[in-house]
Every structure is written in structure tokens, then in C-alpha cells.
$ cat upload-v7.txt   # compact mmCIF, C-alpha atoms and all ligand atoms
# COMPACT_ATOMS: atom_id res chain seq x y z
CA MET A 1 -26.40 -21.47 32.60
CA ASN A 2 -27.24 -21.37 28.91
CA ARG A 3 -30.47 -19.53 28.20
CA LYS A 4 -31.87 -22.56 26.35
CA ASP A 5 -31.42 -24.65 29.49
CA ASN A 6 -33.28 -22.19 31.69
CA LYS A 7 -36.54 -24.01 32.42
CA ILE A 8 -37.95 -21.09 34.41
CA ILE A 9 -37.99 -18.94 31.25
CA ASP A 10 -40.16 -21.57 29.51
CA ILE A 11 -42.45 -21.87 32.55
CA LEU A 12 -42.92 -18.08 32.75
CA ARG A 13 -43.60 -17.81 28.99
CA LYS A 14 -46.16 -20.60 29.11
CA GLU A 15 -47.87 -19.07 32.14
CA ILE A 16 -48.10 -15.64 30.45
CA LEU A 17 -49.37 -17.14 27.17
CA CYS A 18 -52.08 -19.16 28.95
CA ASN A 19 -53.15 -16.77 31.70
CA GLY A 20 -51.87 -13.33 30.76
CA ALA A 21 -49.36 -11.03 32.43
CA LEU A 22 -48.07 -12.04 35.88
CA SER A 23 -48.12 -9.93 39.02
CA ILE A 24 -44.66 -9.23 40.49
CA ALA A 25 -45.65 -11.57 43.36
CA ASP A 26 -46.43 -14.44 40.97
CA TYR A 27 -43.24 -13.75 39.04
CA MET A 28 -41.19 -13.84 42.29
CA LYS A 29 -42.93 -17.00 43.44
CA ILE A 30 -42.22 -18.92 40.22
CA CYS A 31 -38.62 -17.70 40.00
CA LEU A 32 -37.76 -18.41 43.64
CA THR A 33 -39.81 -21.41 44.72
CA HIS A 34 -41.13 -23.27 41.65
CA PRO A 35 -41.19 -26.85 43.02
CA GLU A 36 -38.66 -28.18 40.48
CA HIS A 37 -36.74 -25.32 38.97
CA GLY A 38 -37.05 -22.42 41.48
CA TYR A 39 -33.92 -20.56 42.54
CA TYR A 40 -34.04 -21.75 46.16
CA ILE A 41 -35.00 -25.28 45.15
CA ARG A 42 -32.06 -25.87 42.79
CA ASN A 43 -29.29 -23.74 44.18
CA LYS A 44 -26.98 -23.34 47.15
CA PRO A 45 -27.37 -19.58 47.25
CA ILE A 46 -25.73 -18.56 50.53
CA GLY A 47 -22.03 -18.01 51.28
CA ALA A 48 -18.86 -17.06 49.41
CA THR A 49 -19.53 -19.55 46.58
CA GLY A 50 -23.21 -18.61 46.34
CA ASP A 51 -24.92 -15.34 45.42
CA PHE A 52 -25.15 -13.61 48.80
CA THR A 53 -23.89 -13.76 52.39
CA THR A 54 -26.03 -13.38 55.51
CA SER A 55 -25.16 -12.23 59.05
CA PRO A 56 -24.76 -15.72 60.59
CA GLU A 57 -22.32 -16.59 57.79
CA ILE A 58 -20.26 -13.49 58.56
CA SER A 59 -19.57 -14.33 62.21
CA GLN A 60 -20.52 -16.89 64.86
CA MET A 61 -21.17 -13.92 67.19
CA PHE A 62 -24.47 -13.21 65.44
CA GLY A 63 -25.99 -16.62 66.23
CA GLU A 64 -24.48 -16.71 69.71
CA LEU A 65 -26.17 -13.45 70.67
CA ILE A 66 -29.49 -14.50 69.14
CA GLY A 67 -29.11 -17.70 71.22
CA LEU A 68 -28.62 -15.57 74.31
CA TRP A 69 -31.75 -13.57 73.43
CA ILE A 70 -33.80 -16.76 72.94
CA GLY A 71 -32.51 -18.25 76.21
CA HIS A 72 -33.43 -15.03 77.99
CA VAL A 73 -36.99 -15.11 76.60
CA TRP A 74 -37.36 -18.74 77.71
CA ILE A 75 -36.19 -17.95 81.26
CA ASP A 76 -38.32 -14.78 81.40
CA GLN A 77 -41.39 -16.78 80.36
CA GLN A 78 -41.07 -19.21 83.30
CA LYS A 79 -38.90 -21.85 81.55
CA PRO A 80 -41.74 -23.84 79.92
CA LYS A 81 -40.95 -27.60 80.07
CA ASN A 82 -42.01 -28.03 76.44
CA PHE A 83 -41.66 -25.30 73.87
CA SER A 84 -41.16 -24.98 70.12
CA LEU A 85 -38.10 -23.23 68.74
CA VAL A 86 -39.01 -22.38 65.16
CA GLU A 87 -36.75 -20.96 62.48
CA LEU A 88 -38.19 -19.61 59.25
CA GLY A 89 -35.89 -20.15 56.24
CA PRO A 90 -32.77 -21.51 57.99
CA GLY A 91 -30.46 -21.25 54.91
CA ASN A 92 -27.30 -23.27 55.60
CA GLY A 93 -28.39 -23.99 59.21
CA THR A 94 -25.52 -21.88 60.54
CA LEU A 95 -27.66 -19.56 62.66
CA MET A 96 -29.44 -22.46 64.37
CA ALA A 97 -26.18 -24.36 64.95
CA ASP A 98 -24.73 -21.27 66.69
CA ILE A 99 -27.95 -20.74 68.69
CA LEU A 100 -27.87 -24.34 69.91
CA ARG A 101 -24.19 -24.17 70.84
CA ALA A 102 -24.68 -20.90 72.73
CA THR A 103 -27.66 -22.21 74.71
CA LYS A 104 -26.11 -25.57 75.68
CA ARG A 105 -25.28 -24.42 79.18
CA ILE A 106 -28.72 -23.00 79.99
CA SER A 107 -29.99 -25.63 82.36
CA GLY A 108 -33.14 -27.40 81.08
CA PHE A 109 -33.31 -25.42 77.81
CA HIS A 110 -32.25 -28.16 75.37
CA SER A 111 -34.37 -30.86 76.97
CA ALA A 112 -37.44 -28.57 76.76
CA LEU A 113 -37.08 -27.57 73.14
CA ASN A 114 -38.83 -29.00 70.14
CA LEU A 115 -36.93 -27.79 67.08
CA ILE A 116 -38.98 -26.96 63.98
CA LEU A 117 -37.42 -25.69 60.75
CA ILE A 118 -39.59 -24.18 58.03
CA GLU A 119 -37.76 -24.73 54.75
CA ILE A 120 -39.10 -25.06 51.23
CA SER A 121 -35.86 -26.15 49.56
CA PRO A 122 -34.86 -29.85 49.60
CA SER A 123 -31.24 -29.02 48.79
CA LEU A 124 -30.99 -26.53 51.69
CA ARG A 125 -32.71 -29.02 54.02
CA LYS A 126 -29.86 -31.45 53.31
CA ILE A 127 -27.28 -28.79 54.21
CA GLN A 128 -29.25 -27.92 57.37
CA LYS A 129 -29.40 -31.58 58.43
CA ASN A 130 -25.64 -31.70 58.15
CA SER A 131 -25.12 -28.46 60.12
CA LEU A 132 -27.45 -29.70 62.86
CA LYS A 133 -26.10 -33.25 63.18
CA GLY A 134 -26.71 -34.57 66.67
CA PHE A 135 -29.93 -32.58 67.19
CA SER A 136 -33.38 -33.87 66.49
CA ALA A 137 -35.48 -31.53 64.42
CA GLN A 138 -38.64 -31.55 62.39
CA TRP A 139 -38.72 -29.97 58.93
CA LYS A 140 -41.88 -28.45 57.47
CA THR A 141 -42.49 -26.60 54.22
CA ASP A 142 -44.88 -24.11 55.76
CA LEU A 143 -46.12 -22.94 59.13
CA GLU A 144 -49.69 -24.23 59.04
CA THR A 145 -49.82 -26.40 62.13
CA LEU A 146 -47.42 -25.54 64.91
CA PRO A 147 -47.89 -27.55 68.13
CA LYS A 148 -50.04 -25.77 70.71
CA GLN A 149 -47.29 -24.87 73.18
CA PRO A 150 -45.10 -21.82 73.93
CA THR A 151 -43.22 -20.91 70.76
CA ILE A 152 -40.12 -18.84 70.08
CA VAL A 153 -39.63 -17.93 66.43
CA ILE A 154 -36.54 -16.58 64.70
CA ALA A 155 -36.46 -15.30 61.11
CA ASN A 156 -33.34 -13.76 59.61
CA GLU A 157 -33.53 -12.65 55.98
CA PHE A 158 -36.67 -14.72 55.42
CA PHE A 159 -39.38 -12.09 54.96
CA ASP A 160 -37.45 -10.29 52.21
CA THR A 161 -37.80 -13.33 49.92
CA LEU A 162 -41.60 -13.43 50.15
CA PRO A 163 -43.64 -12.39 47.09
CA VAL A 164 -44.75 -8.76 46.88
CA ARG A 165 -47.27 -7.06 44.58
CA GLN A 166 -46.53 -3.57 43.30
CA PHE A 167 -49.09 -0.86 42.55
CA LYS A 168 -48.62 2.54 40.95
CA ARG A 169 -50.86 5.54 41.22
CA ASN A 170 -51.32 7.77 38.18
CA SER A 171 -53.81 10.56 38.97
CA ASP A 172 -56.87 8.86 40.40
CA GLN A 173 -56.23 5.53 38.74
CA TRP A 174 -54.31 2.68 40.38
CA TYR A 175 -52.29 0.33 38.18
CA GLU A 176 -50.68 -2.95 39.09
CA ILE A 177 -47.14 -3.47 37.80
CA MET A 178 -47.09 -6.75 35.90
CA VAL A 179 -44.55 -8.86 34.02
CA ASN A 180 -45.37 -9.49 30.36
CA MET A 181 -43.50 -10.48 27.19
CA GLU A 182 -42.61 -8.34 24.23
CA ALA A 183 -41.33 -9.40 20.81
CA SER A 184 -37.57 -8.92 20.52
CA ASP A 185 -34.96 -9.60 17.83
CA ASP A 186 -32.19 -9.76 20.42
CA PRO A 187 -31.30 -13.45 20.95
CA GLU A 188 -29.71 -12.50 24.30
CA SER A 189 -32.98 -11.00 25.52
CA ASN A 190 -35.53 -13.20 27.28
CA ASP A 191 -38.31 -10.75 26.21
CA PHE A 192 -39.85 -10.15 29.67
CA CYS A 193 -40.89 -6.58 30.38
CA TYR A 194 -42.88 -4.58 32.93
CA GLN A 195 -46.39 -3.48 32.07
CA LEU A 196 -48.90 -1.32 33.92
CA MET A 197 -52.37 -2.79 34.15
CA LYS A 198 -55.39 -0.90 35.44
CA THR A 199 -56.59 -2.41 38.69
CA ARG A 200 -59.85 -2.22 40.53
CA ASP A 201 -58.37 -4.35 43.24
CA LYS A 202 -59.34 -2.25 46.23
CA ILE A 203 -58.74 -4.89 48.88
CA PHE A 204 -55.32 -3.53 49.70
CA PHE A 205 -56.09 0.16 49.78
CA ASN A 206 -57.59 2.28 52.50
CA SER A 207 -58.33 5.96 52.84
CA GLU A 208 -54.83 6.71 54.14
CA ASP A 209 -53.46 5.75 50.77
CA ARG A 210 -54.74 9.09 49.46
CA ARG A 211 -51.49 10.44 50.94
CA ILE A 212 -49.62 8.54 48.28
CA GLY A 213 -48.51 11.01 45.64
CA ASP A 214 -49.09 10.84 41.92
CA GLY A 215 -46.68 8.44 40.21
CA CYS A 216 -45.70 6.68 43.44
CA ILE A 217 -45.28 2.92 43.72
CA ILE A 218 -46.36 0.93 46.77
CA GLU A 219 -45.58 -2.67 47.69
CA ILE A 220 -47.89 -5.09 49.47
CA SER A 221 -47.23 -8.68 50.45
CA LYS A 222 -50.12 -11.02 51.12
CA SER A 223 -47.64 -13.75 52.15
CA ILE A 224 -46.12 -11.54 54.85
CA GLN A 225 -49.62 -10.63 56.04
CA ASP A 226 -50.66 -14.30 56.28
CA ILE A 227 -47.50 -15.41 58.09
CA VAL A 228 -47.45 -12.53 60.59
CA ARG A 229 -51.15 -12.99 61.37
CA TYR A 230 -50.74 -16.73 61.89
CA LEU A 231 -47.64 -16.35 64.08
CA SER A 232 -49.10 -13.51 66.15
CA LYS A 233 -52.30 -15.39 66.84
CA HIS A 234 -50.30 -18.49 67.73
CA ILE A 235 -48.04 -16.55 70.13
CA GLU A 236 -50.97 -14.73 71.70
CA GLU A 237 -52.75 -18.05 72.36
CA ASN A 238 -49.73 -20.13 73.44
CA SER A 239 -47.24 -17.46 74.68
CA GLY A 240 -43.71 -17.06 73.38
CA ALA A 241 -42.10 -14.50 71.10
CA ALA A 242 -40.82 -13.85 67.59
CA LEU A 243 -37.67 -12.09 66.47
CA ILE A 244 -37.66 -10.78 62.91
CA ILE A 245 -34.44 -9.45 61.40
CA ASP A 246 -34.30 -8.20 57.84
CA TYR A 247 -33.28 -5.38 55.64
CA GLY A 248 -36.26 -3.12 55.50
CA LYS A 249 -38.08 0.15 55.92
CA GLU A 250 -41.14 1.59 57.65
CA GLY A 251 -43.98 1.91 55.16
CA ASN A 252 -44.75 0.52 51.73
CA LEU A 253 -43.60 3.36 49.50
CA GLY A 254 -41.16 2.84 46.62
CA ASN A 255 -40.03 0.15 44.21
CA THR A 256 -37.54 -1.98 46.18
CA LEU A 257 -37.48 -5.13 44.05
CA GLN A 258 -33.89 -6.17 43.51
CA ALA A 259 -31.93 -9.10 42.15
CA VAL A 260 -28.56 -10.34 43.35
CA HIS A 261 -26.40 -12.65 41.27
CA GLN A 262 -22.90 -13.71 42.38
CA HIS A 263 -22.73 -10.92 45.00
CA ARG A 264 -23.71 -8.21 42.46
CA TYR A 265 -26.96 -6.39 41.74
CA ALA A 266 -28.69 -7.53 38.55
CA ASP A 267 -31.82 -6.77 36.51
CA PRO A 268 -34.76 -8.63 38.20
CA LEU A 269 -36.11 -9.73 34.79
CA ARG A 270 -32.83 -10.79 33.20
CA PHE A 271 -31.92 -14.17 34.74
CA PRO A 272 -35.17 -15.61 36.15
CA GLY A 273 -34.55 -18.57 38.44
CA GLU A 274 -30.79 -17.98 38.46
CA GLN A 275 -30.64 -15.06 40.88
CA ASP A 276 -32.05 -14.06 44.25
CA LEU A 277 -35.01 -11.68 44.20
CA THR A 278 -35.93 -9.65 47.28
CA CYS A 279 -37.86 -6.58 48.41
CA LEU A 280 -37.21 -4.39 51.45
CA VAL A 281 -39.44 -5.63 54.25
CA ASP A 282 -42.21 -3.22 55.29
CA PHE A 283 -41.93 -3.29 59.09
CA GLU A 284 -44.88 -0.92 59.52
CA ALA A 285 -47.10 -3.51 57.82
CA ILE A 286 -45.69 -6.24 60.09
CA ARG A 287 -46.48 -4.08 63.13
CA ASN A 288 -50.04 -3.45 61.95
CA TYR A 289 -50.81 -7.09 61.11
CA ALA A 290 -49.34 -8.25 64.46
CA GLU A 291 -51.01 -5.62 66.66
CA ARG A 292 -54.39 -6.36 65.11
CA SER A 293 -53.90 -9.97 66.29
CA GLY A 294 -53.51 -8.81 69.89
CA VAL A 295 -49.77 -9.29 70.49
CA VAL A 296 -47.32 -6.66 71.76
CA VAL A 297 -44.87 -5.39 69.13
CA SER A 298 -41.52 -3.93 70.22
CA ASN A 299 -39.70 -0.86 68.95
CA LEU A 300 -38.08 -1.26 65.54
CA ILE A 301 -34.36 -0.93 66.05
CA CYS A 302 -31.24 -1.16 63.90
CA GLN A 303 -29.34 -4.45 63.89
CA GLY A 304 -26.17 -2.67 65.09
CA ASP A 305 -27.91 -1.20 68.15
CA PHE A 306 -29.60 -4.52 68.92
CA LEU A 307 -26.36 -6.53 68.76
CA LYS A 308 -24.54 -3.92 70.86
CA ALA A 309 -27.33 -4.03 73.47
CA LEU A 310 -26.82 -7.81 73.66
CA GLY A 311 -23.07 -7.36 74.17
CA ILE A 312 -21.46 -8.04 70.77
CA GLU A 313 -18.52 -5.74 71.53
CA GLU A 314 -17.64 -7.62 74.74
CA ARG A 315 -18.02 -10.97 72.94
CA ALA A 316 -15.80 -9.72 70.10
CA ARG A 317 -13.12 -8.71 72.61
CA VAL A 318 -13.13 -12.15 74.24
CA LEU A 319 -12.91 -13.96 70.89
CA SER A 320 -10.14 -11.69 69.62
CA GLN A 321 -7.81 -12.67 72.48
CA ASN A 322 -6.93 -15.92 70.72
CA LEU A 323 -6.67 -14.49 67.21
CA ARG A 324 -3.65 -13.12 65.34
CA GLY A 325 -2.86 -11.77 61.88
CA LYS A 326 -5.40 -12.39 59.11
CA ALA A 327 -7.85 -14.19 61.43
CA LEU A 328 -7.90 -11.17 63.74
CA SER A 329 -8.48 -8.66 60.95
CA LEU A 330 -11.29 -10.85 59.51
CA HIS A 331 -12.88 -10.97 62.96
CA GLN A 332 -12.67 -7.19 63.34
CA SER A 333 -14.14 -6.56 59.90
CA ALA A 334 -16.98 -9.00 60.66
CA LEU A 335 -17.89 -6.95 63.75
CA GLU A 336 -17.78 -3.80 61.62
CA ARG A 337 -19.99 -5.32 58.88
CA LEU A 338 -22.61 -6.51 61.36
CA THR A 339 -22.82 -3.33 63.44
CA SER A 340 -21.62 -0.29 61.48
CA LYS A 341 -24.24 2.33 60.65
CA LYS A 342 -22.78 2.47 57.14
CA LEU A 343 -23.16 -1.29 56.62
CA MET A 344 -25.59 -3.99 57.83
CA GLY A 345 -25.84 -2.34 61.25
CA ASN A 346 -28.25 0.23 59.89
CA LEU A 347 -29.71 -1.34 56.76
CA PHE A 348 -30.93 -4.32 58.75
CA LYS A 349 -33.68 -3.80 61.32
CA VAL A 350 -34.99 -5.88 64.21
CA ILE A 351 -38.51 -6.13 65.60
CA GLY A 352 -39.91 -8.40 68.30
CA ILE A 353 -43.38 -9.77 68.99
CA ARG A 354 -44.57 -11.24 72.29
CA SER A 355 -47.76 -12.27 74.02
CA GLU A 356 -49.37 -9.60 76.16
CA ILE A 357 -48.71 -11.41 79.44
CA SER A 358 -44.96 -11.85 78.80
CA PRO A 359 -42.26 -9.54 80.20
CA PRO A 360 -40.65 -6.93 77.86
CA LEU A 361 -38.21 -8.26 75.27
CA LEU A 362 -34.47 -7.97 75.93
CA GLY A 363 -32.79 -5.26 73.83
CA LEU A 364 -36.03 -4.27 72.09
CA GLU A 365 -38.34 -2.73 74.69
CA PHE A 366 -37.12 0.13 76.81
N1 LIG B 401 -31.93 -17.37 57.49
C1 LIG B 401 -30.83 -17.79 56.68
C2 LIG B 401 -31.12 -17.81 55.17
C3 LIG B 401 -31.88 -16.71 54.52
S1 LIG B 401 -32.19 -17.01 52.80
C4 LIG B 401 -29.60 -16.99 57.02
O1 LIG B 401 -29.71 -16.03 57.75
O2 LIG B 401 -28.52 -17.34 56.55
C5 LIG B 401 -33.90 -17.44 52.78
C6 LIG B 401 -34.23 -18.81 53.28
O3 LIG B 401 -35.66 -18.96 53.24
C7 LIG B 401 -33.68 -19.97 52.48
O4 LIG B 401 -33.40 -21.03 53.37
C8 LIG B 401 -34.86 -20.33 51.56
O5 LIG B 401 -34.80 -21.59 50.98
C9 LIG B 401 -36.02 -20.14 52.51
N2 LIG B 401 -37.31 -19.84 51.86
C10 LIG B 401 -37.56 -18.94 50.89
N3 LIG B 401 -38.88 -18.90 50.60
C11 LIG B 401 -39.47 -19.79 51.41
C12 LIG B 401 -40.83 -20.20 51.60
N4 LIG B 401 -41.83 -19.68 50.89
N5 LIG B 401 -41.10 -21.13 52.55
C13 LIG B 401 -40.10 -21.67 53.30
N6 LIG B 401 -38.80 -21.33 53.15
C14 LIG B 401 -38.48 -20.40 52.23
$ encode --input "upload-v7.txt" --output "C-alpha cells"
Amino acid sequence: MNRKDNKIIDILRKEILCNGALSIADYMKICLTHPEHGYYIRNKPIGATGDFTTSPEISQMFGELIGLWIGHVWIDQQKPKNFSLVELGPGNGTLMADILRATKRISGFHSALNLILIEISPSLRKIQKNSLKGFSAQWKTDLETLPKQPTIVIANEFFDTLPVRQFKRNSDQWYEIMVNMEASDDPESNDFCYQLMKTRDKIFFNSEDRRIGDGCIIEISKSIQDIVRYLSKHIEENSGAALIIDYGKEGNLGNTLQAVHQHRYADPLRFPGEQDLTCLVDFEAIRNYAERSGVVVSNLICQGDFLKALGIEERARVLSQNLRGKALSLHQSALERLTSKKLMGNLFKVIGIRSEISPPLLGLEF
């Protein structure tokens, strides 16, 4: 896209001129989900022709095993006759299509489920409707009001897109990292730059943060806090479970903001609105927000270990029996990508949440 045609650059400039520098969270929010020109609103970001590929797009085995996990939770929780199956950020709808195919033979499961998809992007909703043809589903832009009934939630690579604020400690002073503009003669430059701004915003900090060394950066997401609190309270009151899979870490230390454009890393400030922006998900924060709402939180385990515990290697063997040549080698490399400690198997982590009265979660509590 030509720089002159990039509406997000104009929107960011206007916002900074009127209201001053933007927090990283506000910058992410405008770039990713501005109602008209945001990256997710305008683009088809996922898959070989997009900017990035996700686990369900790599192999059908991913969604099939998540389907098995969901079916298991439903059976374990006394097969409720009405329950909500909620997906946060369903992308191309591939994961849900595989989940629904894999659960077809679980007696009573499909007739009990009420499918709810939380998706902000109209263009992705269209793709999801096509992937889920033949199933009735309800689309919502945010969680707000889930029906009061048992609820099973799945979120794969959703939390990493949520806006994050960054703070830096220099001696005893905390600064917030902001996005501002600087004058530049370079016509190629869009003139956005980082700026440290003194902050008195103490709402996020507690005494433990004294551990954080001089010069360190921490990341905090109010959106993740709000969503995890809402979901946890909902699950505690109505029973059910949530499965969160994302690339992440334990703790909030470090600058993890990154941009991906056409399957390559890019400068987060360089192509606003034309590239994906993400941060590593802080699973320790998720655990804390959820536990304070009274739910049980599972161990945090690596995606590879989780998928192996659910039987991905056996499933891969069965599928490979009918494959030859290029199809077989693609299938084998998909298994490797999803499970290897050097690839997504380790980078991606899985955590589960359940109501206190529910049995332990398959593959996550032992
Ligand atoms: N889960 C999918 C796609 C992950 S990409 C997969 O595994 O392939 C992130 C998804 O979250 C996209 O569908 C995007 O449009 C959606 N999304 C991003 N921010 C959102 C928000 N604030 N509210 C609802 N959906 C959002």
C-alpha cells in the first residue's frame, strides 16, 4: 500500500496532535481494530497468502484434538443439555470447523451446544460463516453478555493481539513508553517514534514490583485482565471451562511487542495498520486474575506436551496411512511444527480454567 493511502497513519497523527502521545495499548488498538481501517478489519491476515499462519491452519489434527478435549470436558461435567461453546477470535473458522467435525459422533453434544463466536472483524466473520456452513452460530463483537449456562471457551492466538501498556523503570521513577511523532526529512519515514513519559499511574504496580531492576520494561494489559476476570466469574457461576493457547511467558518482564508482515518480522512503528502487532501473553497475570475470581487454574504446559498427552502422535500415524509423497512429508512436518520443542511446541503454552466443582482438566492437571 502506498503511504499516502494509509488512513491509519493520518488517524494516528490526528490523535497525537489533538490528545498528545499515545500509549502502546492505544497505538495497538487503533492499528489493529480501528472500526474502518484497522488491520484485522480490512485484511485477511491468516494463512499462506496472509501475514501469519496459526496452528489450526497447519494441520487438522490441532482442531481435532481440541475437539476431543472439549468433548471430554462436556462429558466430565455431566453432559449439560444446553451449553455455550465460545471461541474468542476464530480467524478463518478453521479451528471451529475441525472441532465440530471431531465432536460429531459424541452422542448429544451437537444438539446441546449453542455456538458463540467473538469476532471484531466483519471480513473475517464472512470467512468464518463460510467455514461453518451448515451450523447455526451467533456472532458477537465482545463477550459482555454470555447466556447463563455452562460454558466452554477456546482461545487460540487471541490474547496476544490484545493491547498492552509498557512501563520502564529508571531509578525510582516509572515511565510509560508512548508513541509520539518527530519531524523528519525522510519522505519514506512516517515520523512515529517511542518516547518515555513520566507516570504517576500507580494502579498497576504493587510492592513486588520493587524486584524489577533498573532499566527494565514491564507489560500490562487491562484488556486481558477484563476478559479473564469476566470469563472466570462466568465459569465459576455457571460451570464449564476455558482453554487458552498462545505464545507467551510467565511474568510481565521485557519488551515483547512485535510486528509481522508477510511472514517476516517488521518494525512495529513502520507500517501501522498493514501488519500484525502482538505481545507475548503473560500467563502469570492470567493465573492471578483468574484465581482471584475463584476458579481453578491448571498447570501451564507447552503446546507440544499438551498435544502429545491428547494423542497427536497416534492420530498422525492413522492419518499418514493414506498419504504418500509430498502429502506425507507435509503431514510429517506439520506434526513437527506443532509439537517440536524447537518450534511451536515450546513457544506456545496452554493453560486451562475450570469451576471449582468440576473434575480436573484432561492433559492439564496431573
Ligand atoms: N484463533 C484463530 C485466529 C487468531 S488471529 C486461529 O487460531 O487461527 C486473532 C483473531 O482475533 C482474529 O480473528 C481477529 O480478528 C480477532 N480479534 C482481534 N482482536 C479482537 C477483539 N478485540 N475482539 C474480538 N476479536 C478480535
$ atom_distance --input "upload-v7.txt" --atom1 "atom CA of A:Lys308" --atom2 "atom CA of A:Leu323"
21.1 Å
$ closest_residue --input "upload-v7.txt" --among "A:Arg105, A:Ala266, A:Asn180, A:Ala309" --to "A:Leu12" --atoms "all atoms listed in the file"
A:Asn180
$ closest_atom_pairs --input "upload-v7.txt" --of "chain A" --to "ligand LIG 401 (chain B)" --cutoff "7 Å" --atoms "only C-alpha atoms and all ligand atoms" --output "JSON lines"
{"residue": "A:Thr33", "atom": "CA", "partner": "B:LIG401", "partner_atom": "N3", "distance": 6.5}
{"residue": "A:Tyr40", "atom": "CA", "partner": "B:LIG401", "partner_atom": "O5", "distance": 4.9}
{"residue": "A:Ile41", "atom": "CA", "partner": "B:LIG401", "partner_atom": "O5", "distance": 6.9}
{"residue": "A:Ile46", "atom": "CA", "partner": "B:LIG401", "partner_atom": "O2", "distance": 6.7}
{"residue": "A:Thr54", "atom": "CA", "partner": "B:LIG401", "partner_atom": "O2", "distance": 4.8}
{"residue": "A:Ser55", "atom": "CA", "partner": "B:LIG401", "partner_atom": "O1", "distance": 6.1}
{"residue": "A:Pro56", "atom": "CA", "partner": "B:LIG401", "partner_atom": "O1", "distance": 5.7}
{"residue": "A:Glu57", "atom": "CA", "partner": "B:LIG401", "partner_atom": "O2", "distance": 6.4}
{"residue": "A:Leu88", "atom": "CA", "partner": "B:LIG401", "partner_atom": "N6", "distance": 6.4}
{"residue": "A:Gly89", "atom": "CA", "partner": "B:LIG401", "partner_atom": "O3", "distance": 3.2}
{"residue": "A:Pro90", "atom": "CA", "partner": "B:LIG401", "partner_atom": "N1", "distance": 4.3}
{"residue": "A:Gly91", "atom": "CA", "partner": "B:LIG401", "partner_atom": "O4", "distance": 3.3}
{"residue": "A:Asn92", "atom": "CA", "partner": "B:LIG401", "partner_atom": "O2", "distance": 6.1}
{"residue": "A:Thr94", "atom": "CA", "partner": "B:LIG401", "partner_atom": "O2", "distance": 6.7}
{"residue": "A:Leu95", "atom": "CA", "partner": "B:LIG401", "partner_atom": "O1", "distance": 6.4}
{"residue": "A:Ile118", "atom": "CA", "partner": "B:LIG401", "partner_atom": "C13", "distance": 5.4}
{"residue": "A:Glu119", "atom": "CA", "partner": "B:LIG401", "partner_atom": "N6", "distance": 3.9}
{"residue": "A:Ile120", "atom": "CA", "partner": "B:LIG401", "partner_atom": "C13", "distance": 4.1}
{"residue": "A:Ser121", "atom": "CA", "partner": "B:LIG401", "partner_atom": "O5", "distance": 4.9}
{"residue": "A:Leu124", "atom": "CA", "partner": "B:LIG401", "partner_atom": "O4", "distance": 6.2}
{"residue": "A:Thr141", "atom": "CA", "partner": "B:LIG401", "partner_atom": "C13", "distance": 5.6}
{"residue": "A:Asp142", "atom": "CA", "partner": "B:LIG401", "partner_atom": "N5", "distance": 5.8}
{"residue": "A:Ala155", "atom": "CA", "partner": "B:LIG401", "partner_atom": "N1", "distance": 6.2}
{"residue": "A:Asn156", "atom": "CA", "partner": "B:LIG401", "partner_atom": "N1", "distance": 4.4}
{"residue": "A:Glu157", "atom": "CA", "partner": "B:LIG401", "partner_atom": "C3", "distance": 4.6}
{"residue": "A:Phe158", "atom": "CA", "partner": "B:LIG401", "partner_atom": "C5", "distance": 4.7}
{"residue": "A:Thr161", "atom": "CA", "partner": "B:LIG401", "partner_atom": "C10", "distance": 5.7}
{"residue": "A:Leu162", "atom": "CA", "partner": "B:LIG401", "partner_atom": "N3", "distance": 6.1}
$ closest_atom_pairs --input "upload-v7.txt" --of "stretch 62-115 of chain A" --to "stretch 232-249 of chain A" --cutoff "8 Å" --atoms "only C-alpha atoms" --output "Markdown table"
| residue | atom | partner | partner_atom | distance |
| --- | --- | --- | --- | --- |
| A:Val73 | CA | A:Ala241 | CA | 7.5 |
| A:Trp74 | CA | A:Gly240 | CA | 7.9 |
| A:Gln77 | CA | A:Gly240 | CA | 7.4 |
$ atom_distance --input "upload-v7.txt" --atom1 "atom CA of A:Ser84" --atom2 "atom CA of A:Leu115"
5.9 Å
$ atom_distance --input "upload-v7.txt" --atom1 "atom CA of A:Thr145" --atom2 "atom CA of A:Pro45"
27.8 Å
$ residues_around --input "upload-v7.txt" --residues "stretch 196-202 of chain A" --least-positions-apart "4" --cutoff "7 Å" --atoms "only C-alpha atoms" --output "ChimeraX atom specification"
/A:174-178
$ residues_near_point --input "upload-v7.txt" --point "(-40.6, -12.1, 42.2)" --cutoff "8 Å" --atoms "only C-alpha atoms" --output "ChimeraX atom specification"
/A:24-32,163-164,257,268,277-278
$ closest_residue --input "upload-v7.txt" --among "A:Gln166, A:Lys79, A:Arg125, A:Leu319" --to "A:Gly108" --atoms "all atoms listed in the file"
A:Lys79
